[in-house]
>>> print(open('structure-v4.cif').read())   # mmCIF, C-alpha atoms
data_protein
loop_
_atom_site.group_PDB
_atom_site.id
_atom_site.type_symbol
_atom_site.label_atom_id
_atom_site.label_comp_id
_atom_site.auth_asym_id
_atom_site.auth_seq_id
_atom_site.Cartn_x
_atom_site.Cartn_y
_atom_site.Cartn_z
ATOM 1 C CA GLY A 19 -11.807 0.006 -4.039
ATOM 2 C CA GLY A 20 -10.308 -3.339 -3.073
ATOM 3 C CA GLN A 21 -12.253 -6.544 -2.771
ATOM 4 C CA ALA A 22 -15.594 -4.748 -2.340
ATOM 5 C CA GLY A 23 -15.346 -3.625 -5.982
ATOM 6 C CA GLY A 24 -15.170 -7.241 -7.096
ATOM 7 C CA ASP A 25 -18.116 -8.219 -4.877
ATOM 8 C CA LEU A 26 -20.323 -5.431 -6.243
ATOM 9 C CA CYS A 27 -19.384 -6.280 -9.798
ATOM 10 C CA GLY A 28 -20.001 -9.969 -9.120
ATOM 11 C CA SER A 29 -23.526 -9.118 -7.964
ATOM 12 C CA PHE A 30 -24.000 -6.971 -11.072
ATOM 13 C CA LEU A 31 -22.768 -9.682 -13.477
ATOM 14 C CA SER A 32 -25.241 -12.165 -11.987
ATOM 15 C CA LEU A 33 -28.163 -9.929 -13.077
ATOM 16 C CA ALA A 34 -30.121 -11.046 -16.149
ATOM 17 C CA GLU A 35 -29.454 -7.756 -17.983
ATOM 18 C CA ALA A 36 -25.690 -8.287 -17.640
ATOM 19 C CA GLU A 37 -25.825 -11.661 -19.404
ATOM 20 C CA PRO A 38 -24.672 -10.278 -22.808
ATOM 21 C CA LEU A 39 -21.573 -8.813 -21.106
ATOM 22 C CA VAL A 40 -20.798 -12.153 -19.484
ATOM 23 C CA ARG A 41 -21.216 -13.954 -22.826
ATOM 24 C CA ARG A 42 -18.839 -11.493 -24.527
ATOM 25 C CA ALA A 43 -16.217 -11.910 -21.820
ATOM 26 C CA LEU A 44 -16.473 -15.711 -21.906
ATOM 27 C CA GLY A 45 -16.276 -15.740 -25.711
ATOM 28 C CA PHE A 46 -13.225 -13.483 -25.688
ATOM 29 C CA ALA A 47 -11.462 -15.656 -23.088
ATOM 30 C CA GLU A 48 -12.241 -18.846 -24.985
ATOM 31 C CA SER A 49 -10.911 -17.589 -28.323
ATOM 32 C CA PHE A 50 -7.999 -15.526 -26.955
ATOM 33 C CA GLU A 51 -4.608 -16.693 -28.215
ATOM 34 C CA PRO A 52 -1.768 -14.901 -26.427
ATOM 35 C CA ALA A 53 0.845 -13.459 -28.772
ATOM 36 C CA GLY A 54 3.162 -12.467 -25.953
ATOM 37 C CA GLY A 55 4.295 -8.927 -25.173
ATOM 38 C CA SER A 56 2.315 -5.694 -25.234
ATOM 39 C CA ALA A 57 -0.233 -6.753 -27.879
ATOM 40 C CA ASP A 58 -1.944 -9.043 -25.360
ATOM 41 C CA GLY A 59 -2.418 -6.229 -22.866
ATOM 42 C CA GLU A 60 -3.746 -3.902 -25.550
ATOM 43 C CA ALA A 61 -6.343 -6.466 -26.688
ATOM 44 C CA VAL A 62 -7.536 -7.062 -23.127
ATOM 45 C CA ARG A 63 -7.712 -3.343 -22.299
ATOM 46 C CA ALA A 64 -9.748 -2.727 -25.482
ATOM 47 C CA LEU A 65 -12.227 -5.406 -24.417
ATOM 48 C CA LEU A 66 -12.430 -4.015 -20.866
ATOM 49 C CA ALA A 67 -13.054 -0.463 -22.144
ATOM 50 C CA SER A 68 -15.830 -1.732 -24.406
ATOM 51 C CA LEU A 69 -17.429 -3.841 -21.640
ATOM 52 C CA GLU A 70 -17.200 -0.957 -19.188
ATOM 53 C CA GLU A 71 -18.888 1.424 -21.615
ATOM 54 C CA GLU A 72 -21.700 -1.061 -22.207
ATOM 55 C CA ALA A 73 -22.042 -1.878 -18.505
ATOM 56 C CA ALA A 74 -22.115 1.771 -17.382
ATOM 57 C CA ALA A 75 -25.653 2.169 -18.751
ATOM 58 C CA LEU A 76 -26.823 -0.786 -16.615
ATOM 59 C CA TRP A 77 -24.738 -0.068 -13.495
ATOM 60 C CA PRO A 78 -27.035 0.712 -10.528
ATOM 61 C CA ALA A 79 -27.192 4.394 -9.565
ATOM 62 C CA GLY A 80 -25.302 5.115 -6.380
ATOM 63 C CA TRP A 81 -22.814 2.268 -6.813
ATOM 64 C CA PRO A 82 -19.212 3.556 -7.113
ATOM 65 C CA ALA A 83 -17.995 3.696 -10.715
ATOM 66 C CA ALA A 84 -14.529 2.484 -9.672
ATOM 67 C CA ALA A 85 -16.082 -0.791 -8.485
ATOM 68 C CA LEU A 86 -17.244 -1.507 -12.034
ATOM 69 C CA HIS A 87 -13.779 -0.911 -13.501
ATOM 70 C CA GLU A 88 -11.989 -2.982 -10.837
ATOM 71 C CA GLY A 89 -14.586 -5.738 -10.851
ATOM 72 C CA LEU A 90 -14.616 -6.167 -14.631
ATOM 73 C CA GLU A 91 -10.829 -6.358 -14.685
ATOM 74 C CA ARG A 92 -10.848 -9.020 -11.953
ATOM 75 C CA TYR A 93 -13.533 -10.993 -13.752
ATOM 76 C CA VAL A 94 -11.923 -10.922 -17.216
ATOM 77 C CA MET A 95 -8.375 -11.551 -15.957
ATOM 78 C CA GLY A 96 -9.660 -14.439 -13.836
ATOM 79 C CA LEU A 97 -11.008 -16.025 -17.029
ATOM 80 C CA LEU A 98 -7.756 -15.404 -18.926
ATOM 81 C CA LEU A 99 -5.334 -16.393 -16.160
ATOM 82 C CA PRO A 100 -4.703 -20.017 -17.284
ATOM 83 C CA LYS A 101 -3.735 -18.774 -20.781
ATOM 84 C CA VAL A 102 -1.641 -15.724 -19.896
ATOM 85 C CA PHE A 103 0.002 -16.362 -16.515
ATOM 86 C CA ALA A 104 3.075 -18.508 -15.785
ATOM 87 C CA THR A 105 3.085 -20.203 -19.191
ATOM 88 C CA GLY A 106 5.843 -20.952 -21.709
ATOM 89 C CA ALA A 107 9.092 -19.047 -21.217
ATOM 90 C CA ASP A 108 7.759 -17.347 -18.065
ATOM 91 C CA ALA A 109 7.282 -20.736 -16.362
ATOM 92 C CA VAL A 110 10.889 -21.650 -17.248
ATOM 93 C CA GLU A 111 12.171 -18.339 -15.853
ATOM 94 C CA ASP A 112 10.198 -18.971 -12.639
ATOM 95 C CA LYS A 113 12.116 -22.231 -12.153
ATOM 96 C CA VAL A 114 15.474 -20.564 -12.866
ATOM 97 C CA LEU A 115 14.775 -17.731 -10.410
ATOM 98 C CA SER A 116 13.422 -20.100 -7.761
ATOM 99 C CA ALA A 117 16.579 -22.232 -7.994
ATOM 100 C CA GLN A 118 18.732 -19.102 -7.636
ATOM 101 C CA LEU A 119 16.765 -17.975 -4.572
ATOM 102 C CA ASP A 120 17.227 -21.469 -3.074
ATOM 103 C CA THR A 121 21.004 -21.054 -3.353
ATOM 104 C CA LEU A 122 20.735 -17.636 -1.643
ATOM 105 C CA ALA A 123 18.612 -18.890 1.268
ATOM 106 C CA PHE A 124 21.547 -18.583 3.698
ATOM 107 C CA ILE A 125 21.886 -14.837 3.146
ATOM 108 C CA GLY A 126 21.531 -12.456 6.075
ATOM 109 C CA GLY A 127 21.330 -8.681 6.040
ATOM 110 C CA ALA A 128 25.094 -8.330 6.498
ATOM 111 C CA HIS A 129 25.719 -10.169 3.204
ATOM 112 C CA VAL A 130 23.918 -7.423 1.278
ATOM 113 C CA GLY A 131 24.887 -4.433 3.419
ATOM 114 C CA ILE A 132 21.632 -4.273 5.401
ATOM 115 C CA ASP A 133 21.564 -3.914 9.172
ATOM 116 C CA GLU A 134 19.506 -6.820 10.581
ATOM 117 C CA SER A 135 17.829 -4.335 12.948
ATOM 118 C CA GLN A 136 16.081 -2.897 9.856
ATOM 119 C CA ALA A 137 14.668 -6.306 8.909
ATOM 120 C CA VAL A 138 12.395 -6.731 11.937
ATOM 121 C CA GLY A 139 9.176 -5.352 13.380
ATOM 122 C CA PRO A 140 5.589 -4.843 12.199
ATOM 123 C CA ASP A 141 6.439 -2.914 9.006
ATOM 124 C CA TRP A 142 8.919 -5.598 7.941
ATOM 125 C CA GLU A 143 6.458 -8.420 8.698
ATOM 126 C CA ALA A 144 3.637 -6.613 6.863
ATOM 127 C CA ALA A 145 5.882 -6.135 3.811
ATOM 128 C CA LEU A 146 6.699 -9.866 3.823
ATOM 129 C CA GLY A 147 2.976 -10.645 4.041
ATOM 130 C CA GLU A 148 2.202 -8.462 1.016
ATOM 131 C CA LEU A 149 5.020 -9.983 -1.047
ATOM 132 C CA GLY A 150 4.118 -13.529 -0.044
ATOM 133 C CA GLY A 151 0.502 -13.025 -1.111
ATOM 134 C CA ILE A 152 1.129 -11.701 -4.633
ATOM 135 C CA ASN A 153 0.688 -15.062 -6.343
ATOM 136 C CA SER A 154 -2.777 -15.614 -4.819
ATOM 137 C CA LEU A 155 -4.181 -12.486 -6.534
ATOM 138 C CA ALA A 156 -5.614 -12.665 -10.060
ATOM 139 C CA ALA A 157 -5.913 -9.108 -11.387
ATOM 140 C CA PRO A 158 -2.729 -7.299 -12.469
ATOM 141 C CA ALA A 159 -3.721 -4.138 -10.573
ATOM 142 C CA ASP A 160 -4.160 -6.193 -7.379
ATOM 143 C CA LYS A 161 -0.735 -7.812 -7.778
ATOM 144 C CA MET A 162 0.798 -4.384 -8.392
ATOM 145 C CA GLY A 163 -1.032 -3.047 -5.338
ATOM 146 C CA ALA A 164 0.639 -5.694 -3.178
ATOM 147 C CA VAL A 165 4.082 -4.584 -4.441
ATOM 148 C CA VAL A 166 3.204 -0.923 -3.772
ATOM 149 C CA ARG A 167 2.016 -1.681 -0.218
ATOM 150 C CA ALA A 168 5.124 -3.773 0.498
ATOM 151 C CA CYS A 169 7.375 -0.906 -0.620
ATOM 152 C CA ALA A 170 5.340 1.562 1.439
ATOM 153 C CA ARG A 171 5.907 -0.582 4.540
ATOM 154 C CA LEU A 172 9.639 -0.897 3.830
ATOM 155 C CA SER A 173 9.894 2.855 3.273
ATOM 156 C CA ALA A 174 9.129 3.248 6.985
ATOM 157 C CA LEU A 175 12.451 1.446 7.596
ATOM 158 C CA VAL A 176 14.629 2.923 4.808
ATOM 159 C CA ALA A 177 13.874 5.849 2.500
ATOM 160 C CA PRO A 178 13.152 4.644 -1.067
ATOM 161 C CA SER A 179 15.646 7.235 -2.336
ATOM 162 C CA ASP A 180 18.400 5.563 -0.290
ATOM 163 C CA GLY A 181 20.738 3.340 -2.294
ATOM 164 C CA SER A 182 20.164 0.456 0.119
ATOM 165 C CA PHE A 183 16.381 0.338 -0.458
ATOM 166 C CA VAL A 184 16.685 -2.059 -3.438
ATOM 167 C CA ARG A 185 18.818 -4.389 -1.280
ATOM 168 C CA LEU A 186 16.315 -4.186 1.613
ATOM 169 C CA LEU A 187 13.501 -5.109 -0.796
ATOM 170 C CA ALA A 188 15.672 -7.913 -2.225
ATOM 171 C CA LEU A 189 16.164 -9.293 1.293
ATOM 172 C CA ALA A 190 12.398 -9.068 1.905
ATOM 173 C CA ILE A 191 11.737 -10.974 -1.345
ATOM 174 C CA LEU A 192 14.245 -13.619 -0.273
ATOM 175 C CA ARG A 193 12.514 -14.034 3.103
ATOM 176 C CA ALA A 194 8.941 -13.920 1.709
ATOM 177 C CA ARG A 195 9.702 -16.167 -1.306
ATOM 178 C CA PRO A 196 6.653 -15.207 -3.425
ATOM 179 C CA ALA A 197 5.655 -18.096 -5.683
ATOM 180 C CA ARG A 198 6.198 -17.679 -9.463
ATOM 181 C CA LEU A 199 7.812 -14.299 -8.925
ATOM 182 C CA HIS A 200 9.079 -13.776 -12.483
ATOM 183 C CA SER A 201 5.650 -14.578 -13.946
ATOM 184 C CA ASN A 202 3.899 -12.266 -11.489
ATOM 185 C CA LEU A 203 6.059 -9.287 -12.433
ATOM 186 C CA GLU A 204 5.836 -10.010 -16.175
ATOM 187 C CA TYR A 205 2.059 -10.381 -15.944
ATOM 188 C CA VAL A 206 1.752 -6.980 -14.257
ATOM 189 C CA ALA A 207 4.034 -5.366 -16.845
ATOM 190 C CA ARG A 208 1.973 -6.856 -19.683
ATOM 191 C CA PHE A 209 -1.564 -6.309 -18.454
ATOM 192 C CA VAL A 210 -1.723 -3.426 -15.987
ATOM 193 C CA ASP A 211 -2.974 -0.090 -17.308
ATOM 194 C CA PRO A 212 0.076 1.815 -18.714
ATOM 195 C CA HIS A 213 -0.988 4.949 -16.814
ATOM 196 C CA GLN A 214 -0.545 2.996 -13.579
ATOM 197 C CA LEU A 215 2.709 1.465 -14.757
ATOM 198 C CA TRP A 216 4.219 4.919 -15.354
ATOM 199 C CA SER A 217 2.685 6.684 -12.347
ATOM 200 C CA PRO A 218 5.074 7.687 -9.529
ATOM 201 C CA GLU A 219 2.745 6.147 -6.901
ATOM 202 C CA ALA A 220 2.641 2.648 -8.435
ATOM 203 C CA GLY A 221 5.195 2.595 -11.228
ATOM 204 C CA GLU A 222 8.208 3.539 -9.127
ATOM 205 C CA PRO A 223 7.745 0.806 -6.487
ATOM 206 C CA PHE A 224 7.153 -1.716 -9.284
ATOM 207 C CA THR A 225 10.357 -0.635 -11.060
ATOM 208 C CA ILE A 226 12.281 -0.954 -7.782
ATOM 209 C CA ALA A 227 10.832 -4.457 -7.302
ATOM 210 C CA ARG A 228 12.053 -5.516 -10.742
ATOM 211 C CA ALA A 229 15.482 -4.074 -9.924
ATOM 212 C CA ALA A 230 15.526 -6.042 -6.650
ATOM 213 C CA VAL A 231 14.753 -9.268 -8.526
ATOM 214 C CA GLN A 232 17.543 -8.535 -11.034
ATOM 215 C CA TYR A 233 19.885 -7.888 -8.105
ATOM 216 C CA LEU A 234 19.049 -11.308 -6.635
ATOM 217 C CA ALA A 235 19.276 -13.030 -10.014
ATOM 218 C CA HIS A 236 22.856 -11.838 -10.465
ATOM 219 C CA LEU A 237 24.175 -12.412 -6.944
ATOM 220 C CA ASP A 238 26.920 -15.036 -6.761
ATOM 221 C CA PRO A 239 26.344 -17.237 -3.684
ATOM 222 C CA ALA A 240 30.016 -18.280 -3.609
ATOM 223 C CA ALA A 241 31.146 -14.674 -3.354
ATOM 224 C CA LEU A 242 28.738 -14.109 -0.453
ATOM 225 C CA SER A 243 29.821 -17.010 1.733
ATOM 226 C CA THR A 244 31.209 -14.550 4.280
ATOM 227 C CA PRO A 245 29.440 -11.325 5.284
ATOM 228 C CA SER A 246 30.758 -8.156 3.695
ATOM 229 C CA HIS A 247 31.954 -6.723 7.000
ATOM 230 C CA GLY A 248 34.739 -9.269 7.436
ATOM 231 C CA ARG A 249 37.051 -11.584 5.526
ATOM 232 C CA GLY A 250 37.500 -15.259 6.313
#
>>> encode(input="structure-v4.cif", output="structure tokens")
Amino acid sequence: GGQAGGDLCGSFLSLAEAEPLVRRALGFAESFEPAGGSADGEAVRALLASLEEEAAALWPAGWPAAALHEGLERYVMGLLLPKVFATGADAVEDKVLSAQLDTLAFIGGAHVGIDESQAVGPDWEAALGELGGINSLAAPADKMGAVVRACARLSALVAPSDGSFVRLLALAILRARPARLHSNLEYVARFVDPHQLWSPEAGEPFTIARAAVQYLAHLDPAALSTPSHGRG
């Protein structure tokens, strides 16, 4: 899986026999008019399924089938990205959330009931790295993968079933400050395969991430001016 899938598929798409697939993908991207919501994801997944079926007959024997699926998704979503990511209302929500996170920049673990000793070390730093890199990825499955890996790292510090896990993830988001966070989560929700979205392995961490963002969005900075363990 991973980046190797994209590299293999990139090599495949540069072959002369793959040219009709490339033309179809380019034509789709050029004429695609986002409607917003689930219809966009359904249209893209229908195209990907059709391209994958056509490409399977040309795919070199011995190359992993998963690389074709992942690579086609990366290729098509890369073409569509300017039309479907961080546009319209999503771009506005990004600004609103970013402004809210700016006002919460002073927050420490104690403000949200997290021991600062939990927000240190290699697992914490790795989680911040995953969260901070989400915006640089193009494919929805890759963005979701970064969220899943971040939660896996944080689960070494606090069990995901613990009530404080959402707050720990919220603190990590606040420290990592992923760019265009609202748009990234909406894009995943719209375009990732529904089977992934509802799977325990990927869907649960993604749901927790959305809850953590909602938690941050509704925090009142004025009410948090003193840590929760003391008054005045």
>>> residues_around(input="structure-v4.cif", residues="Phe46 (chain A)", least_positions_apart="6", cutoff="9 Å", atoms="all atoms listed in the file", output="PyMOL selection string")
chain A and resi 62+65+94+98
>>> closest_residue(input="structure-v4.cif", among="A:His213, A:His87, A:Arg185, A:Arg167", to="His129 (chain A)", atoms="only C-alpha atoms")
A:Arg185
>>> residues_around(input="structure-v4.cif", residues="Val166 (chain A)", least_positions_apart="3", cutoff="7 Å", atoms="only C-alpha atoms", output="ChimeraX atom specification")
/A:162-163,169-170,220,223-224
>>> closest_residue(input="structure-v4.cif", among="A:Gly147, A:Gly54, A:Pro178, A:Pro158", to="Leu203 (chain A)", atoms="only C-alpha atoms")
A:Pro158
>>> axis_aligned_box(input="structure-v4.cif", around="region 146-152 of chain A", padding_each_side="8 Å", output="JSON")
{"center_x": 3.6, "center_y": -11.0, "center_z": -0.3, "size_x": 22.2, "size_y": 21.1, "size_z": 24.7}
>>> residues_around(input="structure-v4.cif", residues="Ala53 (chain A)", least_positions_apart="6", cutoff="12 Å", atoms="only C-alpha atoms", output="list in words")
Gly59, Glu60, Ala61, Val62, Lys101, Val102, Thr105, Gly106 and Arg208 of chain A
>>> resolve_selection(input="structure-v4.cif", expression="the PyMOL selection byres ((chain A and resi 191) around 9)", output="short mmCIF file (atom, residue, chain, number, x, y, z; two decimals) with C-alpha atoms, keeping the file's coordinate frame")
data_model
loop_
_atom_site.label_atom_id
_atom_site.label_comp_id
_atom_site.auth_asym_id
_atom_site.auth_seq_id
_atom_site.Cartn_x
_atom_site.Cartn_y
_atom_site.Cartn_z
CA LEU A 146 6.70 -9.87 3.82
CA LEU A 149 5.02 -9.98 -1.05
CA GLY A 150 4.12 -13.53 -0.04
CA LEU A 186 16.32 -4.19 1.61
CA LEU A 187 13.50 -5.11 -0.80
CA ALA A 188 15.67 -7.91 -2.22
CA LEU A 189 16.16 -9.29 1.29
CA ALA A 190 12.40 -9.07 1.90
CA LEU A 192 14.24 -13.62 -0.27
CA ARG A 193 12.51 -14.03 3.10
CA ALA A 194 8.94 -13.92 1.71
CA ARG A 195 9.70 -16.17 -1.31
CA PRO A 196 6.65 -15.21 -3.42
CA ALA A 227 10.83 -4.46 -7.30
CA ALA A 230 15.53 -6.04 -6.65
CA VAL A 231 14.75 -9.27 -8.53
#
>>> resolve_selection(input="structure-v4.cif", expression="the PyMOL selection byres ((chain A and resi 115) around 9)", output="list of chain:residue names")
A:Val110, A:Glu111, A:Asp112, A:Lys113, A:Val114, A:Ser116, A:Ala117, A:Gln118, A:Leu119, A:Asp120, A:Arg198, A:Leu199, A:His200, A:Val231, A:Leu234, A:Ala235
>>> decode(input="structure-v4.cif", residues="region 37-125 of chain A", atoms="C-alpha atoms", output="mmCIF file, in the first residue's frame")
data_model
loop_
_atom_site.group_PDB
_atom_site.id
_atom_site.type_symbol
_atom_site.label_atom_id
_atom_site.label_comp_id
_atom_site.auth_asym_id
_atom_site.auth_seq_id
_atom_site.Cartn_x
_atom_site.Cartn_y
_atom_site.Cartn_z
ATOM 1 C CA GLU A 37 -4.011 6.386 -22.624
ATOM 2 C CA PRO A 38 -7.807 5.849 -22.987
ATOM 3 C CA LEU A 39 -8.083 5.595 -19.178
ATOM 4 C CA VAL A 40 -6.145 8.826 -18.750
ATOM 5 C CA ARG A 41 -8.361 10.579 -21.320
ATOM 6 C CA ARG A 42 -11.511 9.402 -19.507
ATOM 7 C CA ALA A 43 -10.218 10.600 -16.149
ATOM 8 C CA LEU A 44 -9.177 13.985 -17.557
ATOM 9 C CA GLY A 45 -12.528 14.396 -19.323
ATOM 10 C CA PHE A 46 -14.436 13.533 -16.159
ATOM 11 C CA ALA A 47 -12.396 16.008 -14.085
ATOM 12 C CA GLU A 48 -12.844 18.773 -16.641
ATOM 13 C CA SER A 49 -16.628 18.418 -16.865
ATOM 14 C CA PHE A 50 -17.268 17.567 -13.194
ATOM 15 C CA GLU A 51 -19.524 20.076 -11.442
ATOM 16 C CA PRO A 52 -19.700 19.413 -7.700
ATOM 17 C CA ALA A 53 -23.238 19.313 -6.331
ATOM 18 C CA GLY A 54 -22.088 19.093 -2.735
ATOM 19 C CA GLY A 55 -22.847 16.236 -0.350
ATOM 20 C CA SER A 56 -22.888 12.501 -0.998
ATOM 21 C CA ALA A 57 -23.771 12.678 -4.713
ATOM 22 C CA ASP A 58 -20.252 13.895 -5.523
ATOM 23 C CA GLY A 59 -18.644 10.932 -3.794
ATOM 24 C CA GLU A 60 -20.987 8.494 -5.512
ATOM 25 C CA ALA A 61 -20.154 9.908 -8.964
ATOM 26 C CA VAL A 62 -16.413 9.695 -8.316
ATOM 27 C CA ARG A 63 -16.607 6.154 -6.910
ATOM 28 C CA ALA A 64 -18.617 5.044 -9.972
ATOM 29 C CA LEU A 65 -15.912 6.431 -12.255
ATOM 30 C CA LEU A 66 -13.137 4.791 -10.206
ATOM 31 C CA ALA A 67 -14.902 1.398 -10.274
ATOM 32 C CA SER A 68 -15.299 1.646 -14.044
ATOM 33 C CA LEU A 69 -11.666 2.723 -14.585
ATOM 34 C CA GLU A 70 -10.418 -0.025 -12.287
ATOM 35 C CA GLU A 71 -12.397 -2.675 -14.149
ATOM 36 C CA GLU A 72 -11.022 -1.462 -17.477
ATOM 37 C CA ALA A 73 -7.473 -1.148 -16.137
ATOM 38 C CA ALA A 74 -7.440 -4.607 -14.520
ATOM 39 C CA ALA A 75 -7.177 -6.258 -17.949
ATOM 40 C CA LEU A 76 -4.049 -4.187 -18.718
ATOM 41 C CA TRP A 77 -2.465 -4.273 -15.241
ATOM 42 C CA PRO A 78 0.883 -6.133 -15.366
ATOM 43 C CA ALA A 79 0.807 -9.643 -13.887
ATOM 44 C CA GLY A 80 2.530 -9.814 -10.536
ATOM 45 C CA TRP A 81 1.823 -6.191 -9.608
ATOM 46 C CA PRO A 82 -0.348 -5.924 -6.456
ATOM 47 C CA ALA A 83 -4.013 -5.281 -7.245
ATOM 48 C CA ALA A 84 -4.310 -2.888 -4.285
ATOM 49 C CA ALA A 85 -1.746 -0.599 -5.939
ATOM 50 C CA LEU A 86 -4.102 -0.116 -8.885
ATOM 51 C CA HIS A 87 -7.033 0.824 -6.642
ATOM 52 C CA GLU A 88 -4.978 3.211 -4.482
ATOM 53 C CA GLY A 89 -3.127 4.710 -7.427
ATOM 54 C CA LEU A 90 -6.252 5.396 -9.486
ATOM 55 C CA GLU A 91 -7.902 7.070 -6.511
ATOM 56 C CA ARG A 92 -4.841 9.278 -5.958
ATOM 57 C CA TYR A 93 -4.694 10.169 -9.636
ATOM 58 C CA VAL A 94 -8.395 11.019 -10.059
ATOM 59 C CA MET A 95 -8.695 12.894 -6.747
ATOM 60 C CA GLY A 96 -5.547 14.859 -7.595
ATOM 61 C CA LEU A 97 -7.286 16.036 -10.777
ATOM 62 C CA LEU A 98 -10.501 16.905 -8.915
ATOM 63 C CA LEU A 99 -8.919 18.542 -5.864
ATOM 64 C CA PRO A 100 -9.204 22.198 -7.022
ATOM 65 C CA LYS A 101 -12.962 21.725 -7.624
ATOM 66 C CA VAL A 102 -13.921 19.688 -4.557
ATOM 67 C CA PHE A 103 -11.563 20.648 -1.719
ATOM 68 C CA ALA A 104 -11.710 23.767 0.480
ATOM 69 C CA THR A 105 -14.195 25.597 -1.744
ATOM 70 C CA GLY A 106 -17.367 27.574 -1.011
ATOM 71 C CA ALA A 107 -18.866 27.073 2.443
ATOM 72 C CA ASP A 108 -16.023 24.737 3.471
ATOM 73 C CA ALA A 109 -13.454 27.513 2.912
ATOM 74 C CA VAL A 110 -15.550 29.845 5.104
ATOM 75 C CA GLU A 111 -15.785 27.207 7.851
ATOM 76 C CA ASP A 112 -11.992 26.748 7.683
ATOM 77 C CA LYS A 113 -11.550 30.450 8.487
ATOM 78 C CA VAL A 114 -14.070 30.307 11.349
ATOM 79 C CA LEU A 115 -12.401 27.240 12.883
ATOM 80 C CA SER A 116 -8.907 28.661 12.404
ATOM 81 C CA ALA A 117 -9.923 31.877 14.190
ATOM 82 C CA GLN A 118 -11.382 29.832 17.063
ATOM 83 C CA LEU A 119 -8.185 27.778 17.360
ATOM 84 C CA ASP A 120 -6.176 31.037 17.425
ATOM 85 C CA THR A 121 -8.175 32.170 20.464
ATOM 86 C CA LEU A 122 -7.489 28.798 22.148
ATOM 87 C CA ALA A 123 -3.728 28.873 21.517
ATOM 88 C CA PHE A 124 -3.001 29.554 25.208
ATOM 89 C CA ILE A 125 -4.613 26.304 26.343
#
